[in-house]
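Enquirer: So here's entry_12.cif (mmCIF, C-alpha atoms).
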data_coords
#
loop_
_atom_site.label_atom_id
_atom_site.label_comp_id
_atom_site.auth_asym_id
_atom_site.auth_seq_id
_atom_site.Cartn_x
_atom_site.Cartn_y
_atom_site.Cartn_z
CA MET A 1 27.97 44.28 -40.08
CA SER A 2 29.86 45.57 -37.08
CA ARG A 3 32.29 43.49 -35.10
CA ARG A 4 29.98 43.61 -32.15
CA SER A 5 26.99 42.10 -33.87
CA ARG A 6 29.25 39.47 -35.38
CA ILE A 7 30.26 38.42 -31.87
CA LEU A 8 26.63 38.41 -30.81
CA ARG A 9 25.70 36.21 -33.73
CA TRP A 10 28.00 33.58 -32.25
CA ALA A 11 27.34 34.29 -28.61
CA ILE A 12 23.67 33.34 -28.74
CA PRO A 13 24.06 29.82 -30.15
CA LEU A 14 27.08 29.33 -27.89
CA ALA A 15 25.00 30.19 -24.84
CA VAL A 16 23.09 26.96 -25.47
CA VAL A 17 26.21 24.88 -24.95
CA PRO A 18 26.34 25.07 -21.13
CA VAL A 19 22.65 24.19 -20.98
CA LEU A 20 23.20 21.16 -23.19
CA VAL A 21 26.20 20.07 -21.11
CA LEU A 22 24.15 20.40 -17.93
CA LEU A 23 21.22 18.47 -19.38
CA GLY A 24 23.55 15.85 -20.85
CA TYR A 25 25.12 15.32 -17.45
CA GLY A 26 21.75 15.29 -15.68
CA PHE A 27 20.12 12.78 -17.97
CA ARG A 28 23.06 10.39 -18.04
CA THR A 29 23.31 9.98 -14.28
CA ASP A 30 20.93 7.62 -12.54
CA PRO A 31 19.02 9.59 -9.89
CA ARG A 32 18.40 6.33 -8.03
CA GLU A 33 22.08 5.66 -7.54
CA ILE A 34 22.96 7.44 -4.35
CA PRO A 35 26.29 6.65 -2.72
CA SER A 36 25.79 5.56 0.87
CA PRO A 37 27.73 7.55 3.45
CA LEU A 38 27.75 4.41 5.60
CA VAL A 39 30.26 2.40 3.57
CA GLY A 40 33.49 2.24 5.56
CA LYS A 41 31.74 3.17 8.81
CA PRO A 42 30.83 0.88 11.71
CA ALA A 43 27.49 -0.84 11.13
CA SER A 44 24.74 0.39 13.44
CA PRO A 45 23.96 -2.17 16.11
CA PHE A 46 20.39 -3.46 16.24
CA THR A 47 18.28 -5.92 18.16
CA LEU A 48 15.22 -7.36 16.52
CA THR A 49 12.90 -10.24 17.16
CA ALA A 50 12.93 -12.79 14.37
CA PHE A 51 9.75 -14.24 12.88
CA ASP A 52 10.31 -17.38 14.91
CA GLY A 53 10.51 -15.35 18.11
CA THR A 54 14.23 -15.60 18.76
CA PRO A 55 16.17 -12.41 19.47
CA LEU A 56 18.50 -11.23 16.76
CA SER A 57 21.33 -8.88 17.62
CA LEU A 58 24.13 -7.58 15.47
CA GLU A 59 26.43 -7.16 18.46
CA ALA A 60 26.36 -10.91 19.06
CA LEU A 61 27.69 -11.45 15.54
CA ARG A 62 30.92 -9.44 15.88
CA GLY A 63 33.88 -11.33 14.47
CA GLN A 64 31.85 -12.84 11.68
CA VAL A 65 31.09 -11.63 8.21
CA VAL A 66 27.48 -10.45 8.22
CA ILE A 67 25.14 -9.86 5.34
CA VAL A 68 22.10 -7.78 6.16
CA ASN A 69 19.46 -7.99 3.46
CA PHE A 70 16.44 -5.69 3.47
CA TRP A 71 13.46 -7.14 1.64
CA ALA A 72 9.67 -7.10 1.41
CA SER A 73 7.08 -9.48 0.08
CA TRP A 74 5.60 -6.67 -2.01
CA CYS A 75 8.93 -6.00 -3.65
CA TYR A 76 8.33 -7.80 -6.90
CA PRO A 77 10.29 -8.83 -8.92
CA ALA A 78 13.66 -7.75 -7.46
CA CYS A 79 13.29 -9.40 -4.03
CA TYR A 80 11.93 -12.57 -5.63
CA GLU A 81 14.85 -12.65 -8.06
CA GLU A 82 17.53 -12.49 -5.41
CA ALA A 83 15.87 -14.71 -2.79
CA PRO A 84 17.19 -18.06 -4.12
CA SER A 85 20.72 -16.61 -4.43
CA LEU A 86 20.67 -15.47 -0.82
CA GLU A 87 19.65 -18.91 0.44
CA ARG A 88 22.28 -20.57 -1.77
CA ALA A 89 25.03 -18.29 -0.44
CA TRP A 90 23.86 -18.93 3.12
CA GLN A 91 23.99 -22.70 2.58
CA THR A 92 27.45 -22.46 1.02
CA TYR A 93 29.12 -20.20 3.54
CA LYS A 94 27.25 -20.62 6.85
CA ASP A 95 29.85 -23.05 8.16
CA ARG A 96 32.73 -20.81 7.10
CA GLY A 97 31.99 -17.78 9.24
CA LEU A 98 29.13 -16.10 7.39
CA VAL A 99 25.97 -14.88 9.05
CA MET A 100 23.02 -13.74 7.01
CA VAL A 101 20.21 -11.66 8.42
CA GLY A 102 17.05 -10.72 6.57
CA VAL A 103 15.21 -7.57 7.65
CA ASN A 104 11.64 -7.33 6.49
CA TYR A 105 10.86 -3.76 5.41
CA GLN A 106 7.37 -2.27 5.74
CA ASP A 107 5.50 -5.46 5.28
CA LYS A 108 2.57 -7.32 6.74
CA ASP A 109 3.21 -10.36 8.87
CA GLU A 110 1.30 -12.90 6.84
CA PRO A 111 2.63 -12.17 3.33
CA ALA A 112 6.14 -11.87 4.78
CA ARG A 113 5.90 -15.34 6.31
CA ARG A 114 4.51 -16.67 3.04
CA PHE A 115 7.50 -15.22 1.20
CA LEU A 116 9.92 -16.94 3.59
CA ALA A 117 8.11 -20.23 3.20
CA GLN A 118 7.98 -19.91 -0.59
CA PHE A 119 11.77 -19.62 -0.83
CA GLY A 120 12.51 -21.91 2.08
CA HIS A 121 14.74 -19.36 3.78
CA THR A 122 16.63 -20.94 6.65
CA PHE A 123 18.64 -17.89 7.72
CA PRO A 124 17.15 -15.63 10.41
CA ASN A 125 14.65 -13.02 9.27
CA ALA A 126 12.99 -10.34 11.35
CA PRO A 127 10.39 -7.64 10.83
CA ASP A 128 11.49 -4.05 11.47
CA PRO A 129 8.73 -2.27 13.40
CA GLY A 130 8.70 1.47 12.72
CA SER A 131 11.47 1.03 10.11
CA ARG A 132 14.01 2.00 12.79
CA VAL A 133 16.73 -0.37 11.66
CA SER A 134 16.04 0.42 8.00
CA VAL A 135 16.48 4.16 8.55
CA ASP A 136 19.56 3.46 10.64
CA TYR A 137 21.00 1.78 7.58
CA GLY A 138 19.88 4.48 5.21
CA VAL A 139 17.55 2.17 3.29
CA TYR A 140 15.52 3.97 0.68
CA GLY A 141 14.09 1.07 -1.23
CA VAL A 142 14.16 -2.69 -1.14
CA PRO A 143 16.06 -4.81 -1.88
CA GLU A 144 19.23 -3.45 -0.34
CA THR A 145 22.06 -5.60 0.92
CA TYR A 146 24.86 -4.59 3.28
CA PHE A 147 28.10 -6.52 3.65
CA ILE A 148 29.69 -6.12 7.09
CA ASP A 149 33.23 -7.28 7.81
CA ARG A 150 34.53 -9.08 10.89
CA LYS A 151 35.40 -5.78 12.53
CA GLY A 152 31.79 -4.66 12.23
CA ARG A 153 32.24 -2.12 9.46
CA VAL A 154 29.96 -1.76 6.46
CA ARG A 155 32.15 -2.60 3.49
CA PHE A 156 29.78 -2.76 0.57
CA LYS A 157 26.22 -1.81 -0.17
CA ARG A 158 24.14 -3.17 -2.99
CA VAL A 159 20.96 -1.42 -4.09
CA GLY A 160 18.85 -3.79 -6.14
CA PRO A 161 18.93 -7.57 -6.36
CA VAL A 162 22.14 -9.45 -5.57
CA SER A 163 23.40 -12.24 -7.81
CA ASP A 164 25.29 -15.45 -7.00
CA GLU A 165 28.48 -13.96 -8.44
CA MET A 166 28.22 -10.75 -6.47
CA LEU A 167 27.55 -12.60 -3.23
CA LYS A 168 30.44 -14.99 -3.84
CA GLU A 169 32.86 -12.18 -4.65
CA GLN A 170 32.00 -10.05 -1.63
CA ILE A 171 31.69 -12.92 0.85
CA GLU A 172 34.99 -14.53 -0.12
CA ARG A 173 36.77 -11.18 -0.03
CA LEU A 174 35.51 -10.47 3.50
CA LEU A 175 35.95 -14.03 4.78
CA ALA A 176 39.60 -13.94 3.70
CA GLU A 177 40.26 -10.98 6.01
CA ALA A 178 41.47 -11.52 9.55
CA ALA A 179 39.22 -10.49 12.40
CA MET B 1 19.13 45.00 -31.07
CA SER B 2 16.62 42.18 -30.82
CA ARG B 3 19.64 39.92 -30.50
CA LEU B 4 20.76 41.74 -27.41
CA LEU B 5 17.28 41.32 -25.99
CA ALA B 6 17.30 37.62 -26.80
CA LEU B 7 20.64 37.33 -25.06
CA ALA B 8 19.22 39.01 -22.00
CA ALA B 9 16.25 36.64 -22.00
CA LEU B 10 18.60 33.68 -22.36
CA ALA B 11 20.69 34.87 -19.44
CA VAL B 12 17.59 35.05 -17.27
CA LEU B 13 16.51 31.59 -18.44
CA LEU B 14 19.95 30.17 -17.70
CA GLY B 15 19.62 31.47 -14.21
CA ALA B 16 16.30 29.73 -13.84
CA VAL B 17 17.44 26.28 -14.94
CA PRO B 18 19.66 25.08 -12.06
CA PRO B 19 17.04 25.36 -9.31
CA ALA B 20 14.59 23.41 -11.46
CA LEU B 21 17.20 20.67 -11.86
CA ALA B 22 17.98 20.68 -8.18
CA ALA B 23 14.45 19.35 -7.68
CA GLY B 24 12.80 21.64 -5.25
CA SER B 25 15.84 23.27 -3.76
CA ALA B 26 13.60 26.06 -2.62
CA GLY B 27 12.87 23.95 0.40
CA GLY B 28 10.41 24.82 3.10
CA SER B 29 10.95 26.80 6.19
CA ARG B 30 14.21 27.14 8.06
CA ALA B 31 14.53 25.31 11.32
CA ALA B 32 12.77 27.27 13.98
CA ALA B 33 14.57 27.97 17.20
CA ALA B 34 14.86 24.70 19.06
CA PRO B 35 12.65 24.41 22.09
CA ALA B 36 15.60 23.43 24.23
CA ALA B 37 13.57 22.61 27.29
CA ALA B 38 11.07 20.38 25.46
CA LYS B 39 12.34 17.02 26.67
CA THR B 40 9.29 14.83 26.72
CA PRO B 41 6.54 16.91 25.12
CA VAL B 42 7.20 17.35 21.42
CA SER B 43 5.18 19.85 19.46
CA GLU B 44 3.83 18.61 16.15
CA ASP B 45 5.05 21.90 14.69
CA THR B 46 8.63 20.93 15.41
CA VAL B 47 8.14 17.45 13.98
CA HIS B 48 6.62 19.00 10.88
CA ASP B 49 9.43 21.52 10.65
CA VAL B 50 12.12 18.84 10.63
CA ALA B 51 10.07 16.60 8.34
CA ALA B 52 9.68 19.45 5.85
CA GLN B 53 13.45 19.61 5.42
CA LEU B 54 13.88 15.92 4.72
CA ARG B 55 13.31 14.13 1.48
CA CYS B 56 10.82 11.27 1.60
CA VAL B 57 13.12 8.47 0.49
CA VAL B 58 10.58 6.54 -1.56
CA CYS B 59 9.03 9.58 -3.27
CA GLN B 60 10.04 11.87 -6.08
CA SER B 61 10.63 15.42 -4.87
CA LEU B 62 8.37 15.22 -1.83
CA SER B 63 9.27 16.06 1.71
CA VAL B 64 8.63 13.70 4.60
CA ALA B 65 6.06 16.22 5.83
CA ASP B 66 4.13 16.25 2.54
CA SER B 67 4.18 12.58 1.66
CA PRO B 68 1.33 10.28 2.69
CA SER B 69 3.51 7.19 2.21
CA GLU B 70 4.10 4.72 5.00
CA THR B 71 7.84 5.35 4.84
CA ALA B 72 7.29 9.07 5.43
CA HIS B 73 4.90 8.24 8.24
CA GLU B 74 7.51 6.05 9.92
CA MET B 75 10.23 8.62 9.35
CA LYS B 76 8.02 11.14 11.10
CA GLY B 77 7.68 8.64 13.93
CA ILE B 78 11.45 8.44 14.19
CA ILE B 79 11.74 12.25 14.19
CA ARG B 80 9.14 12.47 16.97
CA GLU B 81 10.90 9.79 18.96
CA ARG B 82 14.30 11.43 18.74
CA LEU B 83 12.88 14.83 19.63
CA ALA B 84 11.13 13.29 22.61
CA ALA B 85 14.44 11.79 23.67
CA GLY B 86 15.75 15.31 24.01
CA GLU B 87 17.49 15.81 20.67
CA SER B 88 17.36 19.21 19.03
CA PRO B 89 15.86 19.55 15.53
CA GLU B 90 19.41 20.09 14.23
CA GLN B 91 20.56 16.85 15.82
CA VAL B 92 17.66 14.95 14.28
CA ARG B 93 18.51 16.44 10.91
CA ALA B 94 22.15 15.49 11.38
CA TYR B 95 21.11 11.91 12.18
CA PHE B 96 19.35 11.56 8.84
CA VAL B 97 22.26 13.20 7.01
CA GLU B 98 24.63 10.75 8.69
CA LYS B 99 22.57 7.81 7.42
CA TYR B 100 21.54 9.02 3.98
CA GLY B 101 24.05 11.74 3.15
CA ASN B 102 23.18 15.27 2.05
CA TRP B 103 20.84 13.70 -0.47
CA ILE B 104 18.20 13.52 2.26
CA LEU B 105 18.10 17.31 2.60
CA LEU B 106 15.70 19.12 0.31
CA SER B 107 17.83 22.28 0.49
CA PRO B 108 21.43 21.47 -0.33
CA PRO B 109 23.81 22.90 2.28
CA ARG B 110 25.32 26.20 1.19
CA GLN B 111 28.90 25.14 0.76
CA GLY B 112 31.31 23.88 -1.89
CA PHE B 113 29.90 22.92 -5.24
CA ASN B 114 26.34 23.29 -3.92
CA LEU B 115 26.86 27.04 -3.69
CA LEU B 116 26.35 27.10 -7.47
CA VAL B 117 22.69 26.25 -6.99
CA TRP B 118 22.29 29.17 -4.63
CA VAL B 119 24.41 31.68 -6.52
CA VAL B 120 23.73 31.01 -10.21
CA PRO B 121 20.02 31.97 -10.23
CA PHE B 122 20.73 35.33 -8.64
CA ALA B 123 23.82 35.89 -10.76
CA GLY B 124 21.75 35.06 -13.88
CA LEU B 125 19.00 37.39 -12.78
CA GLY B 126 21.50 40.16 -12.11
CA LEU B 127 23.22 39.66 -15.44
CA GLY B 128 19.86 39.71 -17.20
CA LEU B 129 18.86 42.92 -15.47
CA VAL B 130 22.15 44.57 -16.38
CA LEU B 131 21.68 43.55 -20.01
CA VAL B 132 18.13 44.87 -20.08
CA LEU B 133 19.31 48.14 -18.56
CA LEU B 134 22.05 48.47 -21.15
CA VAL B 135 19.60 47.82 -23.96
CA VAL B 136 17.05 50.28 -22.64
CA ARG B 137 19.70 52.94 -22.19
CA ARG B 138 20.92 52.46 -25.70
CA TRP B 139 17.40 52.75 -27.07
CA SER B 140 16.67 55.94 -25.23
CA ARG B 141 19.94 57.49 -26.34
CA ARG B 142 19.52 56.70 -30.04
CA PRO B 143 19.13 60.00 -31.91
CA VAL B 144 15.77 60.69 -33.46
CA PRO B 145 16.15 60.18 -37.23
CA ALA B 146 17.32 63.50 -38.67
CA LEU B 147 14.80 65.52 -40.63
CA ALA B 148 15.17 65.55 -44.36
CA PRO B 149 17.76 68.08 -45.43
CA PRO B 150 16.25 71.42 -46.23
CA MET B 151 15.05 71.53 -49.79
CA ASP B 152 16.68 73.93 -52.08
CA PRO B 153 14.43 76.86 -53.02
CA ALA B 154 14.58 76.14 -56.73
CA MET B 155 13.16 72.67 -56.26
CA ARG B 156 10.46 73.94 -53.94
CA ALA B 157 9.42 76.50 -56.52
CA ARG B 158 9.32 73.88 -59.23
CA ILE B 159 7.13 71.54 -57.26
CA ARG B 160 4.74 74.29 -56.40
CA ARG B 161 4.57 75.32 -60.04
CA GLU B 162 3.89 71.82 -61.25
CA MET B 163 1.16 71.27 -58.70
CA VAL B 164 -0.56 74.41 -59.77
CA GLU B 165 -0.28 73.37 -63.41
CA ARG B 166 -2.00 70.02 -62.74
CA GLU B 167 -4.87 71.43 -60.88
CA PRO B 168 -7.63 72.40 -63.16
#
Could you show the structure in this file as structure tokens?

Expert:
Amino acid sequence: MSRRSRILRWAIPLAVVPVLVLLGYGFRTDPREIPSPLVGKPASPFTLTAFDGTPLSLEALRGQVVIVNFWASWCYPACYEEAPSLERAWQTYKDRGLVMVGVNYQDKDEPARRFLAQFGHTFPNAPDPGSRVSVDYGVYGVPETYFIDRKGRVRFKRVGPVSDEMLKEQIERLLAEAA
Amino acid sequence: MSRLLALAALAVLLGAVPPALAAGSAGGSRAAAAPAAAKTPVSEDTVHDVAAQLRCVVCQSLSVADSPSETAHEMKGIIRERLAAGESPEQVRAYFVEKYGNWILLSPPRQGFNLLVWVVPFAGLGLGLVLVLLVVRRWSRRPVPALAPPMDPAMRARIRREMVEREP
């Protein structure tokens, strides 16, 4: 057997290695986990009309820590899982400089209102006609939660349901910062 | 020899894998020249053209133009709105990139690491072609198997004699 064919005998199985590495990398990364380019940037201002008819504007909230939560009544189970945690965090921190805003994503009015009533949400919630605010925040699926600091910058984005611990950690970190 | 061929085939295959992984990198049409003067009237063609370059965020490998989902419908609405406000198709595209990152583009921009996706298929194809050429050239150059060495006359005579003897 010549030297050349001996090399070839090894070269063919070895050619599989880069393919395996590529596939291994591809299958181990979660295609749903997309880093948001908005973290660290100023949060887009928005003005919406809440379900109760009051205007809701991000600009008016400057200087406070703001949580913007995108949700939908059809988003089961994730939005249903996180809903009680959101209300709990709101109750705990609303007097310490936290503002929580719920943005209802691609939903119908009646089931959305039913959702709010079911969880007894007391923080302001507003529908997002035409998904303008949602696209402005780069939302690609609900639930998504944005944590905005007192200077109005997006500091953290959570895709998927938030937990009590996560809310506590992020809120206390941002509340501790000076305006 | 068949090994060389297999290697060539593998090289071609290797070239074909990355675009498949890049989920539809062979995106639709390039942005047509922007109708700069179109301030208020927006042609549906332009809306479609921008939408075809953007990934529908709730779908798997579908463009905003191709998806029937409500999200895609509303994204198209936003594209139309921004075009009507006087933005160029490139500006609208840049808006979505700013909000979602390059992920939103169906064709990854041709720079940095992304270049691999654009270069590797052609490089693989080229390499495969070169290998095939080499193999074919080697085949055509291989000498035709030499004829049997001329038989010595004594043997020839003996065979002839024996054949004659056997025949009745």

Enquirer: Which residue gives the smallest distance to Cys56 (chain B) among B:Ile104, B:Lys99, B:Pro150, B:Leu83, with all atoms listed in the file counted?

Expert: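 That would be B:Ile104, the residue with the smallest distance to Cys56 (chain B).
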
Enquirer: I'd like to see the residues matched by the PyMOL selection byres ((chain A) within 6 of (chain B)) on this file, and ideally I'd get them as a list in words.

Expert: Pro37, Gly130, Gly138 and Tyr140 of chain A

Enquirer: To one decimal place in Å, what is the distance between CA of Leu56 (chain A) and CA of Leu98 (chain A)?

Expert: 15.0 Å

Enquirer: Would you write out, as a list in words, every residue that the PyMOL selection byres ((chain A and resi 70) around 9) captures in this file?

Expert: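 Applying the expression gives Val68, Asn69, Trp71, Ala72, Cys79, Val101, Gly102, Val103, Asn104, Tyr105, Ser134, Val139, Gly141, Val142, Pro143, Glu144, Thr145 and Tyr146 of chain A.
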
Enquirer: Any idea what the distance is between CA of Arg173 (chain A) and CA of Thr49 (chain A)?

Expert: 29.4 Å

Enquirer: Supply region 6-39 of chain A as a PDB file, keeping the file's coordinate frame, with N, CA and C atoms built in where the input has gaps.

Expert:
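Heads up, here's the output in part_19.pdb:
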ATOM      1  N   ARG A   6      28.729  40.758 -34.937  1.00  0.00           N
ATOM      2  CA  ARG A   6      29.250  39.470 -35.380  1.00  0.00           C
ATOM      3  C   ARG A   6      29.522  38.570 -34.159  1.00  0.00           C
ATOM      4  N   ILE A   7      30.027  39.190 -33.096  1.00  0.00           N
ATOM      5  CA  ILE A   7      30.260  38.420 -31.870  1.00  0.00           C
ATOM      6  C   ILE A   7      28.937  37.901 -31.319  1.00  0.00           C
ATOM      7  N   LEU A   8      27.939  38.792 -31.347  1.00  0.00           N
ATOM      8  CA  LEU A   8      26.630  38.410 -30.810  1.00  0.00           C
ATOM      9  C   LEU A   8      26.037  37.252 -31.588  1.00  0.00           C
ATOM     10  N   ARG A   9      26.252  37.268 -32.897  1.00  0.00           N
ATOM     11  CA  ARG A   9      25.700  36.210 -33.730  1.00  0.00           C
ATOM     12  C   ARG A   9      26.204  34.841 -33.259  1.00  0.00           C
ATOM     13  N   TRP A  10      27.452  34.833 -32.760  1.00  0.00           N
ATOM     14  CA  TRP A  10      28.000  33.580 -32.250  1.00  0.00           C
ATOM     15  C   TRP A  10      27.643  33.338 -30.789  1.00  0.00           C
ATOM     16  N   ALA A  11      27.535  34.427 -30.053  1.00  0.00           N
ATOM     17  CA  ALA A  11      27.340  34.290 -28.610  1.00  0.00           C
ATOM     18  C   ALA A  11      26.014  33.597 -28.283  1.00  0.00           C
ATOM     19  N   ILE A  12      24.989  33.895 -29.083  1.00  0.00           N
ATOM     20  CA  ILE A  12      23.670  33.340 -28.740  1.00  0.00           C
ATOM     21  C   ILE A  12      23.628  31.819 -28.902  1.00  0.00           C
ATOM     22  N   PRO A  13      24.044  31.299 -30.081  1.00  0.00           N
ATOM     23  CA  PRO A  13      24.060  29.820 -30.150  1.00  0.00           C
ATOM     24  C   PRO A  13      25.012  29.212 -29.121  1.00  0.00           C
ATOM     25  N   LEU A  14      26.118  29.882 -28.839  1.00  0.00           N
ATOM     26  CA  LEU A  14      27.080  29.330 -27.890  1.00  0.00           C
ATOM     27  C   LEU A  14      26.518  29.276 -26.471  1.00  0.00           C
ATOM     28  N   ALA A  15      25.589  30.163 -26.171  1.00  0.00           N
ATOM     29  CA  ALA A  15      25.000  30.190 -24.840  1.00  0.00           C
ATOM     30  C   ALA A  15      24.239  28.892 -24.562  1.00  0.00           C
ATOM     31  N   VAL A  16      23.838  28.202 -25.630  1.00  0.00           N
ATOM     32  CA  VAL A  16      23.090  26.960 -25.470  1.00  0.00           C
ATOM     33  C   VAL A  16      24.000  25.844 -24.979  1.00  0.00           C
ATOM     34  N   VAL A  17      25.286  25.972 -25.267  1.00  0.00           N
ATOM     35  CA  VAL A  17      26.210  24.880 -24.950  1.00  0.00           C
ATOM     36  C   VAL A  17      26.212  24.500 -23.464  1.00  0.00           C
ATOM     37  N   PRO A  18      26.357  25.482 -22.536  1.00  0.00           N
ATOM     38  CA  PRO A  18      26.340  25.070 -21.130  1.00  0.00           C
ATOM     39  C   PRO A  18      25.039  24.380 -20.729  1.00  0.00           C
ATOM     40  N   VAL A  19      23.936  24.823 -21.308  1.00  0.00           N
ATOM     41  CA  VAL A  19      22.650  24.190 -20.980  1.00  0.00           C
ATOM     42  C   VAL A  19      22.670  22.739 -21.433  1.00  0.00           C
ATOM     43  N   LEU A  20      23.159  22.520 -22.657  1.00  0.00           N
ATOM     44  CA  LEU A  20      23.200  21.160 -23.190  1.00  0.00           C
ATOM     45  C   LEU A  20      24.119  20.278 -22.342  1.00  0.00           C
ATOM     46  N   VAL A  21      25.260  20.839 -21.941  1.00  0.00           N
ATOM     47  CA  VAL A  21      26.200  20.070 -21.110  1.00  0.00           C
ATOM     48  C   VAL A  21      25.519  19.676 -19.798  1.00  0.00           C
ATOM     49  N   LEU A  22      24.825  20.632 -19.200  1.00  0.00           N
ATOM     50  CA  LEU A  22      24.150  20.400 -17.930  1.00  0.00           C
ATOM     51  C   LEU A  22      23.080  19.309 -18.087  1.00  0.00           C
ATOM     52  N   LEU A  23      22.280  19.443 -19.142  1.00  0.00           N
ATOM     53  CA  LEU A  23      21.220  18.470 -19.380  1.00  0.00           C
ATOM     54  C   LEU A  23      21.825  17.098 -19.683  1.00  0.00           C
ATOM     55  N   GLY A  24      22.897  17.106 -20.491  1.00  0.00           N
ATOM     56  CA  GLY A  24      23.550  15.850 -20.850  1.00  0.00           C
ATOM     57  C   GLY A  24      24.036  15.137 -19.602  1.00  0.00           C
ATOM     58  N   TYR A  25      24.638  15.911 -18.699  1.00  0.00           N
ATOM     59  CA  TYR A  25      25.120  15.320 -17.450  1.00  0.00           C
ATOM     60  C   TYR A  25      23.939  14.799 -16.618  1.00  0.00           C
ATOM     61  N   GLY A  26      22.905  15.638 -16.520  1.00  0.00           N
ATOM     62  CA  GLY A  26      21.750  15.290 -15.680  1.00  0.00           C
ATOM     63  C   GLY A  26      21.030  14.046 -16.151  1.00  0.00           C
ATOM     64  N   PHE A  27      20.899  13.907 -17.466  1.00  0.00           N
ATOM     65  CA  PHE A  27      20.120  12.780 -17.970  1.00  0.00           C
ATOM     66  C   PHE A  27      20.912  11.483 -18.015  1.00  0.00           C
ATOM     67  N   ARG A  28      22.253  11.609 -17.966  1.00  0.00           N
ATOM     68  CA  ARG A  28      23.060  10.390 -18.040  1.00  0.00           C
ATOM     69  C   ARG A  28      23.321   9.775 -16.668  1.00  0.00           C
ATOM     70  N   THR A  29      23.091  10.559 -15.603  1.00  0.00           N
ATOM     71  CA  THR A  29      23.310   9.980 -14.280  1.00  0.00           C
ATOM     72  C   THR A  29      21.993   9.400 -13.776  1.00  0.00           C
ATOM     73  N   ASP A  30      22.114   8.292 -13.058  1.00  0.00           N
ATOM     74  CA  ASP A  30      20.930   7.620 -12.540  1.00  0.00           C
ATOM     75  C   ASP A  30      20.564   8.259 -11.199  1.00  0.00           C
ATOM     76  N   PRO A  31      19.384   8.917 -11.133  1.00  0.00           N
ATOM     77  CA  PRO A  31      19.020   9.590  -9.890  1.00  0.00           C
ATOM     78  C   PRO A  31      18.811   8.601  -8.734  1.00  0.00           C
ATOM     79  N   ARG A  32      18.642   7.326  -9.072  1.00  0.00           N
ATOM     80  CA  ARG A  32      18.400   6.330  -8.030  1.00  0.00           C
ATOM     81  C   ARG A  32      19.696   5.858  -7.385  1.00  0.00           C
ATOM     82  N   GLU A  33      20.813   6.155  -8.050  1.00  0.00           N
ATOM     83  CA  GLU A  33      22.080   5.660  -7.540  1.00  0.00           C
ATOM     84  C   GLU A  33      22.695   6.690  -6.601  1.00  0.00           C
ATOM     85  N   ILE A  34      22.479   6.475  -5.336  1.00  0.00           N
ATOM     86  CA  ILE A  34      22.960   7.440  -4.350  1.00  0.00           C
ATOM     87  C   ILE A  34      24.027   6.751  -3.510  1.00  0.00           C
ATOM     88  N   PRO A  35      25.233   7.294  -3.504  1.00  0.00           N
ATOM     89  CA  PRO A  35      26.290   6.650  -2.720  1.00  0.00           C
ATOM     90  C   PRO A  35      25.944   6.703  -1.237  1.00  0.00           C
ATOM     91  N   SER A  36      26.115   5.576  -0.548  1.00  0.00           N
ATOM     92  CA  SER A  36      25.790   5.560   0.870  1.00  0.00           C
ATOM     93  C   SER A  36      26.948   6.109   1.677  1.00  0.00           C
ATOM     94  N   PRO A  37      26.652   7.024   2.610  1.00  0.00           N
ATOM     95  CA  PRO A  37      27.730   7.550   3.450  1.00  0.00           C
ATOM     96  C   PRO A  37      28.172   6.520   4.483  1.00  0.00           C
ATOM     97  N   LEU A  38      27.471   5.369   4.529  1.00  0.00           N
ATOM     98  CA  LEU A  38      27.750   4.410   5.600  1.00  0.00           C
ATOM     99  C   LEU A  38      28.876   3.439   5.249  1.00  0.00           C
ATOM    100  N   VAL A  39      29.217   3.340   3.944  1.00  0.00           N
ATOM    101  CA  VAL A  39      30.260   2.400   3.570  1.00  0.00           C
ATOM    102  C   VAL A  39      31.589   2.846   4.190  1.00  0.00           C
TER     103      VAL A  39
END
